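Student: Sharing my_file-v9.tsv, TSV, C-alpha atoms:
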chain	number	residue	atom	x	y	z
C	12	GLY	CA	78.41	-4.19	-40.54
C	13	ALA	CA	78.31	-7.30	-38.45
C	14	VAL	CA	81.19	-9.74	-38.73
C	15	VAL	CA	81.15	-13.50	-38.79
C	16	SER	CA	84.49	-15.22	-38.58
C	17	GLN	CA	84.95	-18.77	-39.79
C	18	HIS	CA	88.05	-20.78	-38.96
C	19	PRO	CA	90.03	-22.32	-40.49
C	20	SER	CA	89.87	-20.88	-43.99
C	21	TRP	CA	91.22	-24.09	-45.38
C	22	VAL	CA	92.17	-27.47	-43.98
C	23	ILE	CA	93.61	-30.69	-45.30
C	24	CYS	CA	93.03	-33.86	-43.35
C	25	LYS	CA	93.56	-37.57	-43.80
C	26	SER	CA	90.76	-40.00	-44.46
C	27	GLY	CA	89.27	-41.32	-41.28
C	28	THR	CA	90.15	-38.34	-39.13
C	29	SER	CA	87.80	-35.66	-37.84
C	30	VAL	CA	87.99	-31.96	-38.44
C	31	LYS	CA	86.27	-29.11	-36.63
C	32	ILE	CA	85.19	-25.84	-38.23
C	33	GLU	CA	84.30	-22.85	-36.07
C	34	CYS	CA	81.86	-20.07	-36.82
C	35	ARG	CA	81.92	-17.02	-34.57
C	36	SER	CA	79.78	-13.92	-34.55
C	37	LEU	CA	82.26	-11.28	-33.42
C	38	ASP	CA	80.08	-8.31	-32.61
C	39	PHE	CA	76.59	-9.65	-32.10
C	40	GLN	CA	74.78	-12.54	-30.50
C	41	ALA	CA	73.41	-15.13	-32.85
C	42	THR	CA	70.72	-17.43	-31.54
C	43	THR	CA	70.59	-19.12	-34.91
C	44	MET	CA	73.39	-20.13	-37.24
C	45	PHE	CA	73.29	-22.06	-40.48
C	46	TRP	CA	75.75	-24.40	-42.12
C	47	TYR	CA	75.99	-24.72	-45.88
C	48	ARG	CA	77.96	-26.84	-48.26
C	49	GLN	CA	78.99	-25.60	-51.66
C	50	PHE	CA	80.40	-27.79	-54.39
C	51	PRO	CA	82.48	-26.19	-57.17
C	52	LYS	CA	80.38	-23.98	-59.42
C	53	GLN	CA	77.23	-24.91	-57.57
C	54	SER	CA	74.90	-23.26	-55.14
C	55	LEU	CA	74.87	-23.26	-51.38
C	56	MET	CA	73.06	-26.26	-49.97
C	57	LEU	CA	71.68	-25.90	-46.48
C	58	MET	CA	72.97	-28.68	-44.26
C	59	ALA	CA	71.57	-27.76	-40.88
C	60	THR	CA	70.21	-25.04	-38.70
C	61	SER	CA	72.00	-24.55	-35.40
C	62	ASN	CA	70.13	-23.07	-32.47
C	63	GLU	CA	71.90	-22.02	-29.29
C	64	GLY	CA	71.27	-24.41	-26.46
C	65	SER	CA	69.35	-26.98	-28.45
C	66	LYS	CA	69.94	-29.72	-30.99
C	67	ALA	CA	70.59	-28.77	-34.56
C	68	THR	CA	67.97	-29.37	-37.22
C	69	TYR	CA	69.39	-31.26	-40.17
C	70	GLU	CA	68.17	-31.17	-43.73
C	71	GLN	CA	66.99	-34.34	-45.34
C	72	GLY	CA	69.89	-36.44	-46.55
C	73	VAL	CA	72.46	-34.91	-44.22
C	74	GLU	CA	73.94	-37.43	-41.79
C	75	LYS	CA	73.75	-35.93	-38.33
C	76	ASP	CA	76.24	-38.45	-36.93
C	77	LYS	CA	78.76	-37.49	-39.55
C	78	PHE	CA	78.30	-33.75	-39.40
C	79	LEU	CA	78.16	-32.88	-35.72
C	80	ILE	CA	76.96	-29.41	-34.91
C	81	ASN	CA	77.33	-27.73	-31.56
C	82	HIS	CA	76.02	-24.27	-30.71
C	83	ALA	CA	77.08	-23.94	-27.11
C	84	SER	CA	77.09	-20.16	-26.88
C	85	LEU	CA	75.43	-17.20	-28.52
C	86	THR	CA	78.56	-16.42	-30.50
C	87	LEU	CA	79.95	-19.81	-31.49
C	88	SER	CA	78.76	-22.74	-33.54
C	89	THR	CA	81.01	-25.60	-34.59
C	90	LEU	CA	80.72	-28.17	-37.35
C	91	THR	CA	82.72	-31.36	-36.91
C	92	VAL	CA	83.14	-33.64	-39.87
C	93	THR	CA	83.73	-37.06	-38.36
C	94	SER	CA	85.57	-39.91	-40.03
C	95	ALA	CA	86.15	-37.74	-43.07
C	96	HIS	CA	86.28	-39.26	-46.53
C	97	PRO	CA	87.40	-37.73	-49.83
C	98	GLU	CA	83.77	-37.20	-50.85
C	99	ASP	CA	83.41	-34.85	-47.88
C	100	SER	CA	85.85	-32.49	-49.57
C	101	SER	CA	83.95	-29.31	-50.22
C	102	PHE	CA	83.53	-25.66	-49.32
C	103	TYR	CA	81.61	-25.16	-46.07
C	104	ILE	CA	80.03	-21.81	-45.22
C	105	CYS	CA	78.29	-20.67	-42.07
C	106	SER	CA	75.94	-17.79	-41.55
C	107	ALA	CA	74.61	-16.19	-38.41
C	108	LEU	CA	71.28	-14.54	-37.90
C	109	ARG	CA	71.38	-11.41	-35.83
C	110	GLY	CA	68.34	-10.86	-33.67
C	111	GLY	CA	65.02	-12.37	-34.59
C	112	SER	CA	63.07	-12.77	-37.75
C	113	GLY	CA	63.50	-10.07	-40.33
C	114	THR	CA	67.13	-9.34	-39.75
C	115	GLU	CA	70.02	-9.97	-42.03
C	116	ALA	CA	72.08	-13.14	-42.11
C	117	PHE	CA	75.83	-12.59	-42.09
C	118	PHE	CA	78.18	-15.05	-43.71
C	119	GLY	CA	81.56	-16.36	-42.73
C	120	GLN	CA	84.33	-16.45	-45.29
C	121	GLY	CA	84.02	-20.20	-45.72
C	122	THR	CA	86.26	-23.20	-45.14
C	123	ARG	CA	87.73	-25.29	-47.89
C	124	LEU	CA	88.06	-28.88	-46.68
C	125	THR	CA	90.22	-31.33	-48.56
C	126	VAL	CA	90.28	-34.94	-47.43
C	127	VAL	CA	93.20	-36.97	-48.75
Z	18	ALA	CA	59.45	-26.97	-49.28
Z	19	GLN	CA	60.39	-23.69	-50.82
Z	20	THR	CA	62.37	-23.72	-54.04
Z	21	VAL	CA	64.28	-20.99	-55.80
Z	22	THR	CA	64.97	-21.11	-59.52
Z	23	GLN	CA	67.50	-19.14	-61.48
Z	24	SER	CA	67.16	-20.08	-65.13
Z	25	GLN	CA	70.20	-18.20	-66.40
Z	26	PRO	CA	73.44	-20.04	-65.62
Z	27	GLU	CA	75.47	-17.30	-67.28
Z	28	MET	CA	74.89	-13.73	-68.32
Z	29	SER	CA	77.10	-11.17	-69.97
Z	30	VAL	CA	76.87	-7.38	-70.07
Z	31	GLN	CA	78.90	-4.59	-71.54
Z	32	GLU	CA	80.42	-2.17	-69.08
Z	33	ALA	CA	78.07	0.76	-68.35
Z	34	GLU	CA	75.09	-1.15	-69.72
Z	35	THR	CA	72.15	-2.63	-67.83
Z	36	VAL	CA	71.52	-6.30	-67.16
Z	37	THR	CA	68.64	-8.15	-65.51
Z	38	LEU	CA	69.03	-11.44	-63.66
Z	39	SER	CA	65.93	-13.59	-63.26
Z	40	CYS	CA	64.68	-15.48	-60.24
Z	41	THR	CA	61.46	-17.29	-59.48
Z	42	TYR	CA	60.46	-19.06	-56.32
Z	43	ASP	CA	57.78	-21.32	-55.01
Z	44	THR	CA	56.22	-20.99	-51.58
Z	45	SER	CA	52.94	-21.30	-49.75
Z	46	GLU	CA	53.93	-18.72	-47.16
Z	47	SER	CA	52.60	-15.18	-47.27
Z	48	ASP	CA	55.38	-13.52	-45.29
Z	49	TYR	CA	58.98	-14.03	-46.32
Z	50	TYR	CA	62.14	-12.27	-47.42
Z	51	LEU	CA	63.98	-12.36	-50.70
Z	52	PHE	CA	67.63	-11.57	-51.24
Z	53	TRP	CA	70.24	-11.24	-53.91
Z	54	TYR	CA	73.76	-12.17	-52.89
Z	55	LYS	CA	76.97	-11.67	-54.79
Z	56	GLN	CA	79.79	-14.19	-54.51
Z	57	PRO	CA	83.09	-13.01	-55.99
Z	58	PRO	CA	86.05	-15.35	-56.52
Z	59	SER	CA	86.93	-14.96	-52.84
Z	60	ARG	CA	83.66	-16.83	-52.19
Z	61	GLN	CA	82.62	-14.39	-49.49
Z	62	MET	CA	78.85	-13.93	-49.71
Z	63	ILE	CA	77.93	-10.26	-50.04
Z	64	LEU	CA	74.38	-9.02	-49.64
Z	65	VAL	CA	73.33	-6.94	-52.64
Z	66	ILE	CA	69.70	-6.21	-51.88
Z	67	ARG	CA	66.76	-7.51	-49.87
Z	68	GLN	CA	63.01	-7.34	-50.25
Z	69	GLU	CA	60.33	-7.93	-47.66
Z	70	ALA	CA	57.34	-9.68	-49.20
Z	71	TYR	CA	54.83	-7.47	-47.42
Z	72	LYS	CA	56.28	-4.39	-49.09
Z	73	GLN	CA	54.87	-3.58	-52.50
Z	74	GLN	CA	57.57	-1.08	-53.31
Z	75	ASN	CA	60.55	-2.55	-55.09
Z	76	ALA	CA	63.83	-2.30	-53.18
Z	77	THR	CA	66.63	-0.17	-54.57
Z	78	GLU	CA	70.27	0.11	-53.56
Z	79	ASN	CA	72.20	2.56	-55.71
Z	80	ARG	CA	72.72	0.83	-59.09
Z	81	PHE	CA	70.85	-2.28	-57.98
Z	82	SER	CA	67.09	-2.60	-58.05
Z	83	VAL	CA	64.59	-5.41	-58.04
Z	84	ASN	CA	61.34	-6.12	-59.80
Z	85	PHE	CA	59.29	-8.00	-57.24
Z	86	GLN	CA	56.11	-9.58	-58.55
Z	87	LYS	CA	54.55	-11.38	-55.60
Z	88	ALA	CA	51.64	-12.92	-57.45
Z	89	ALA	CA	53.96	-14.28	-60.11
Z	90	LYS	CA	56.57	-15.24	-57.49
Z	91	SER	CA	59.22	-13.48	-59.46
Z	92	PHE	CA	62.16	-11.49	-58.11
Z	93	SER	CA	64.55	-10.16	-60.74
Z	94	LEU	CA	67.66	-8.06	-60.15
Z	95	LYS	CA	68.55	-5.15	-62.39
Z	96	ILE	CA	72.08	-3.84	-62.41
Z	97	SER	CA	72.44	-0.43	-64.01
Z	98	ASP	CA	75.65	1.14	-65.26
Z	99	SER	CA	77.45	-2.18	-64.90
Z	100	GLN	CA	81.00	-2.06	-63.63
Z	101	LEU	CA	83.87	-4.51	-63.95
Z	102	GLY	CA	83.64	-5.12	-60.22
Z	103	ASP	CA	80.11	-6.42	-60.62
Z	104	ALA	CA	81.43	-9.59	-62.23
Z	105	ALA	CA	80.64	-12.48	-59.89
Z	106	MET	CA	78.19	-15.26	-59.15
Z	107	TYR	CA	74.81	-13.94	-58.14
Z	108	PHE	CA	72.48	-15.99	-55.99
Z	109	CYS	CA	68.82	-15.37	-55.37
Z	110	ALA	CA	67.70	-16.50	-51.93
Z	111	TYR	CA	64.45	-17.01	-50.05
Z	112	ARG	CA	64.01	-16.88	-46.30
Z	113	GLY	CA	60.73	-17.90	-44.76
Z	114	LEU	CA	59.13	-18.17	-41.38
Z	115	ASN	CA	61.59	-20.65	-39.94
Z	116	ASN	CA	64.48	-18.40	-41.00
Z	117	ASP	CA	66.43	-20.94	-43.03
Z	118	MET	CA	67.63	-19.54	-46.33
Z	119	ARG	CA	67.29	-21.36	-49.64
Z	120	PHE	CA	69.42	-20.42	-52.62
Z	121	GLY	CA	68.97	-20.65	-56.34
Z	122	ALA	CA	71.55	-22.31	-58.55
Z	123	GLY	CA	73.24	-19.01	-59.30
Z	124	THR	CA	73.99	-16.86	-62.34
Z	125	ARG	CA	77.54	-16.12	-63.37
Z	126	LEU	CA	77.75	-12.52	-64.55
Z	127	THR	CA	80.55	-11.43	-66.84
Z	128	VAL	CA	81.17	-7.75	-67.47
Z	129	LYS	CA	82.92	-6.92	-70.72
Z	130	PRO	CA	85.10	-3.80	-70.87
What's the structure tokens form of this structure?

Tutor:
Amino acid sequence: GAVVSQHPSWVICKSGTSVKIECRSLDFQATTMFWYRQFPKQSLMLMATSNEGSKATYEQGVEKDKFLINHASLTLSTLTVTSAHPEDSSFYICSALRGGSGTEAFFGQGTRLTVV
Amino acid sequence: AQTVTQSQPEMSVQEAETVTLSCTYDTSESDYYLFWYKQPPSRQMILVIRQEAYKQQNATENRFSVNFQKAAKSFSLKISDSQLGDAAMYFCAYRGLNNDMRFGAGTRLTVKP
């Protein structure tokens, strides 16, 4: 099956710094990627939809200036958490949609972010 | 906005027995997709089964099958001959016309040997 690689798997950063998470579709082109946040023992909450070559669409309540999303190519989307704070600590998961509507979404392995 | 509801936070099943996980959703769309995902402790999301709303026939994948009731907006997952490896969090998900996927709160399934 299709593979989506997310990097890094885990990261620890200091408060006030920024951290970038990459999501790559390794064997297919993804015009659309999604970023989710998952708190412990909770569900995946959609943060934003990333479309190649255009601005991301953010869900209500998600600060676009804090969570910068860039989808510069058909195989790479990045999420940058700017000026990170301890409350940003969470598990972040990306998924990539292969082809158009009706196809399967493939998930990365997730990134555990800890802000100290 | 579409919502997905899983009313069973936890479920337990004896190995080799059958268990059904419930899911309901709310939408005004007529065309959409429904999914069940499994999330083991590794937290990698694994697709279990998918259902296209326009198909009346319930999807089946080996030991996994769904009971899709479109009018009732219900989408339950049945796991037959449960195995120890089936233990995980199970999420019901909805994907509509704009392709974004919404997840239910999840059901933690325990399989007892």

Student: Point out the residue among C:Phe39, C:Phe45, C:Trp21, C:Tyr103 with the least atom-to-atom distance to chain Z, counting all atoms listed in the file.

Tutor: C:Phe45

Student: Which residues, written as a list of chain:residue names, have at least one atom at most 9 Å from Z:Leu114, with only C-alpha atoms counted and residues fewer than 3 positions away on the same chain left out?

Tutor: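 Selected residues are C:Ser112, Z:Glu46, Z:Asp48, Z:Tyr49, Z:Tyr50, Z:Asp117.
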
Student: Please identify all polymer residues within 10 Å of C:Leu37, counting only C-alpha atoms, omitting same-chain residues fewer than 4 positions from it, and present them as a PyMOL selection string.

Tutor: chain C and resi 13-16+41+86-87

Student: With a distance threshold of 7 Å and counting only C-alpha atoms, extract the residues of chain Z near chain C and express them as a PyMOL selection string.

Tutor: chain Z and resi 60-62+116+120-123

Student: Would you mind listing what lies within 7 Å of Z:Met106 as a ChimeraX atom specification, with only C-alpha atoms counted and same-chain residues fewer than 5 positions away left out?

Tutor: /Z:55-57,123-126

Student: Output stretch 24-61 of chain C from the block with N, CA and C atoms, as a compact mmCIF listing (two decimals), in the first residue's frame?

Tutor:
# COMPACT_ATOMS: atom_id res chain seq x y z
N CYS C 24 11.25 20.33 22.48
CA CYS C 24 11.77 21.67 22.23
C CYS C 24 11.49 22.57 23.43
N LYS C 25 12.21 23.66 23.47
CA LYS C 25 12.04 24.61 24.56
C LYS C 25 10.92 25.58 24.26
N SER C 26 10.30 26.07 25.30
CA SER C 26 9.24 27.07 25.13
C SER C 26 9.78 28.28 24.38
N GLY C 27 8.98 28.75 23.44
CA GLY C 27 9.36 29.92 22.68
C GLY C 27 10.04 29.62 21.36
N THR C 28 10.46 28.39 21.19
CA THR C 28 11.11 28.03 19.92
C THR C 28 10.07 27.47 18.96
N SER C 29 10.50 27.29 17.72
CA SER C 29 9.61 26.74 16.69
C SER C 29 10.08 25.35 16.29
N VAL C 30 9.16 24.54 15.90
CA VAL C 30 9.51 23.19 15.47
C VAL C 30 8.73 22.84 14.21
N LYS C 31 9.41 22.19 13.28
CA LYS C 31 8.79 21.84 12.00
C LYS C 31 8.60 20.33 11.91
N ILE C 32 7.42 19.93 11.46
CA ILE C 32 7.10 18.52 11.26
C ILE C 32 6.84 18.31 9.77
N GLU C 33 7.45 17.28 9.20
CA GLU C 33 7.29 17.01 7.78
C GLU C 33 6.39 15.80 7.54
N CYS C 34 5.63 15.88 6.48
CA CYS C 34 4.77 14.78 6.07
C CYS C 34 5.01 14.55 4.58
N ARG C 35 5.50 13.36 4.25
CA ARG C 35 5.84 13.04 2.86
C ARG C 35 5.07 11.83 2.37
N SER C 36 4.51 11.97 1.18
CA SER C 36 3.95 10.80 0.52
C SER C 36 5.06 10.21 -0.33
N LEU C 37 5.45 8.98 -0.04
CA LEU C 37 6.66 8.42 -0.64
C LEU C 37 6.45 7.82 -2.02
N ASP C 38 5.27 7.32 -2.30
CA ASP C 38 5.09 6.64 -3.57
C ASP C 38 3.84 7.08 -4.31
N PHE C 39 3.34 8.25 -3.97
CA PHE C 39 2.21 8.79 -4.72
C PHE C 39 2.18 10.30 -4.53
N GLN C 40 1.47 10.95 -5.40
CA GLN C 40 1.33 12.40 -5.30
C GLN C 40 0.05 12.72 -4.55
N ALA C 41 0.17 13.62 -3.62
CA ALA C 41 -0.96 13.97 -2.77
C ALA C 41 -1.28 15.45 -2.93
N THR C 42 -2.36 15.74 -3.62
CA THR C 42 -2.76 17.13 -3.77
C THR C 42 -3.33 17.68 -2.47
N THR C 43 -3.80 16.78 -1.62
CA THR C 43 -4.41 17.21 -0.37
C THR C 43 -3.82 16.41 0.80
N MET C 44 -3.43 17.12 1.81
CA MET C 44 -2.97 16.49 3.05
C MET C 44 -3.71 17.12 4.21
N PHE C 45 -3.81 16.37 5.29
CA PHE C 45 -4.53 16.83 6.47
C PHE C 45 -3.61 16.74 7.70
N TRP C 46 -3.81 17.67 8.60
CA TRP C 46 -3.07 17.64 9.86
C TRP C 46 -4.05 17.50 11.01
N TYR C 47 -3.74 16.55 11.89
CA TYR C 47 -4.57 16.27 13.04
C TYR C 47 -3.75 16.41 14.32
N ARG C 48 -4.48 16.65 15.39
CA ARG C 48 -3.89 16.69 16.70
C ARG C 48 -4.64 15.69 17.56
N GLN C 49 -3.88 14.92 18.34
CA GLN C 49 -4.52 13.93 19.18
C GLN C 49 -3.98 14.03 20.60
N PHE C 50 -4.87 14.36 21.53
CA PHE C 50 -4.50 14.38 22.93
C PHE C 50 -4.59 12.96 23.49
N PRO C 51 -3.91 12.69 24.61
CA PRO C 51 -3.90 11.33 25.16
C PRO C 51 -5.32 10.80 25.36
N LYS C 52 -5.53 9.61 24.89
CA LYS C 52 -6.80 8.89 25.04
C LYS C 52 -7.97 9.64 24.42
N GLN C 53 -7.69 10.47 23.46
CA GLN C 53 -8.77 11.18 22.78
C GLN C 53 -8.70 10.92 21.28
N SER C 54 -9.65 11.52 20.59
CA SER C 54 -9.74 11.27 19.16
C SER C 54 -8.83 12.20 18.38
N LEU C 55 -8.81 12.01 17.08
CA LEU C 55 -8.06 12.89 16.20
C LEU C 55 -8.91 14.12 15.88
N MET C 56 -8.34 15.27 16.12
CA MET C 56 -9.04 16.51 15.82
C MET C 56 -8.40 17.15 14.59
N LEU C 57 -9.20 17.38 13.57
CA LEU C 57 -8.68 17.99 12.36
C LEU C 57 -8.26 19.42 12.64
N MET C 58 -7.02 19.73 12.29
CA MET C 58 -6.52 21.10 12.47
C MET C 58 -6.66 21.91 11.19
N ALA C 59 -6.24 21.30 10.09
CA ALA C 59 -6.23 22.03 8.83
C ALA C 59 -6.12 21.09 7.66
N THR C 60 -6.58 21.59 6.54
CA THR C 60 -6.46 20.87 5.28
C THR C 60 -5.45 21.61 4.43
N SER C 61 -4.48 20.88 3.93
CA SER C 61 -3.37 21.46 3.17
C SER C 61 -3.50 21.07 1.71
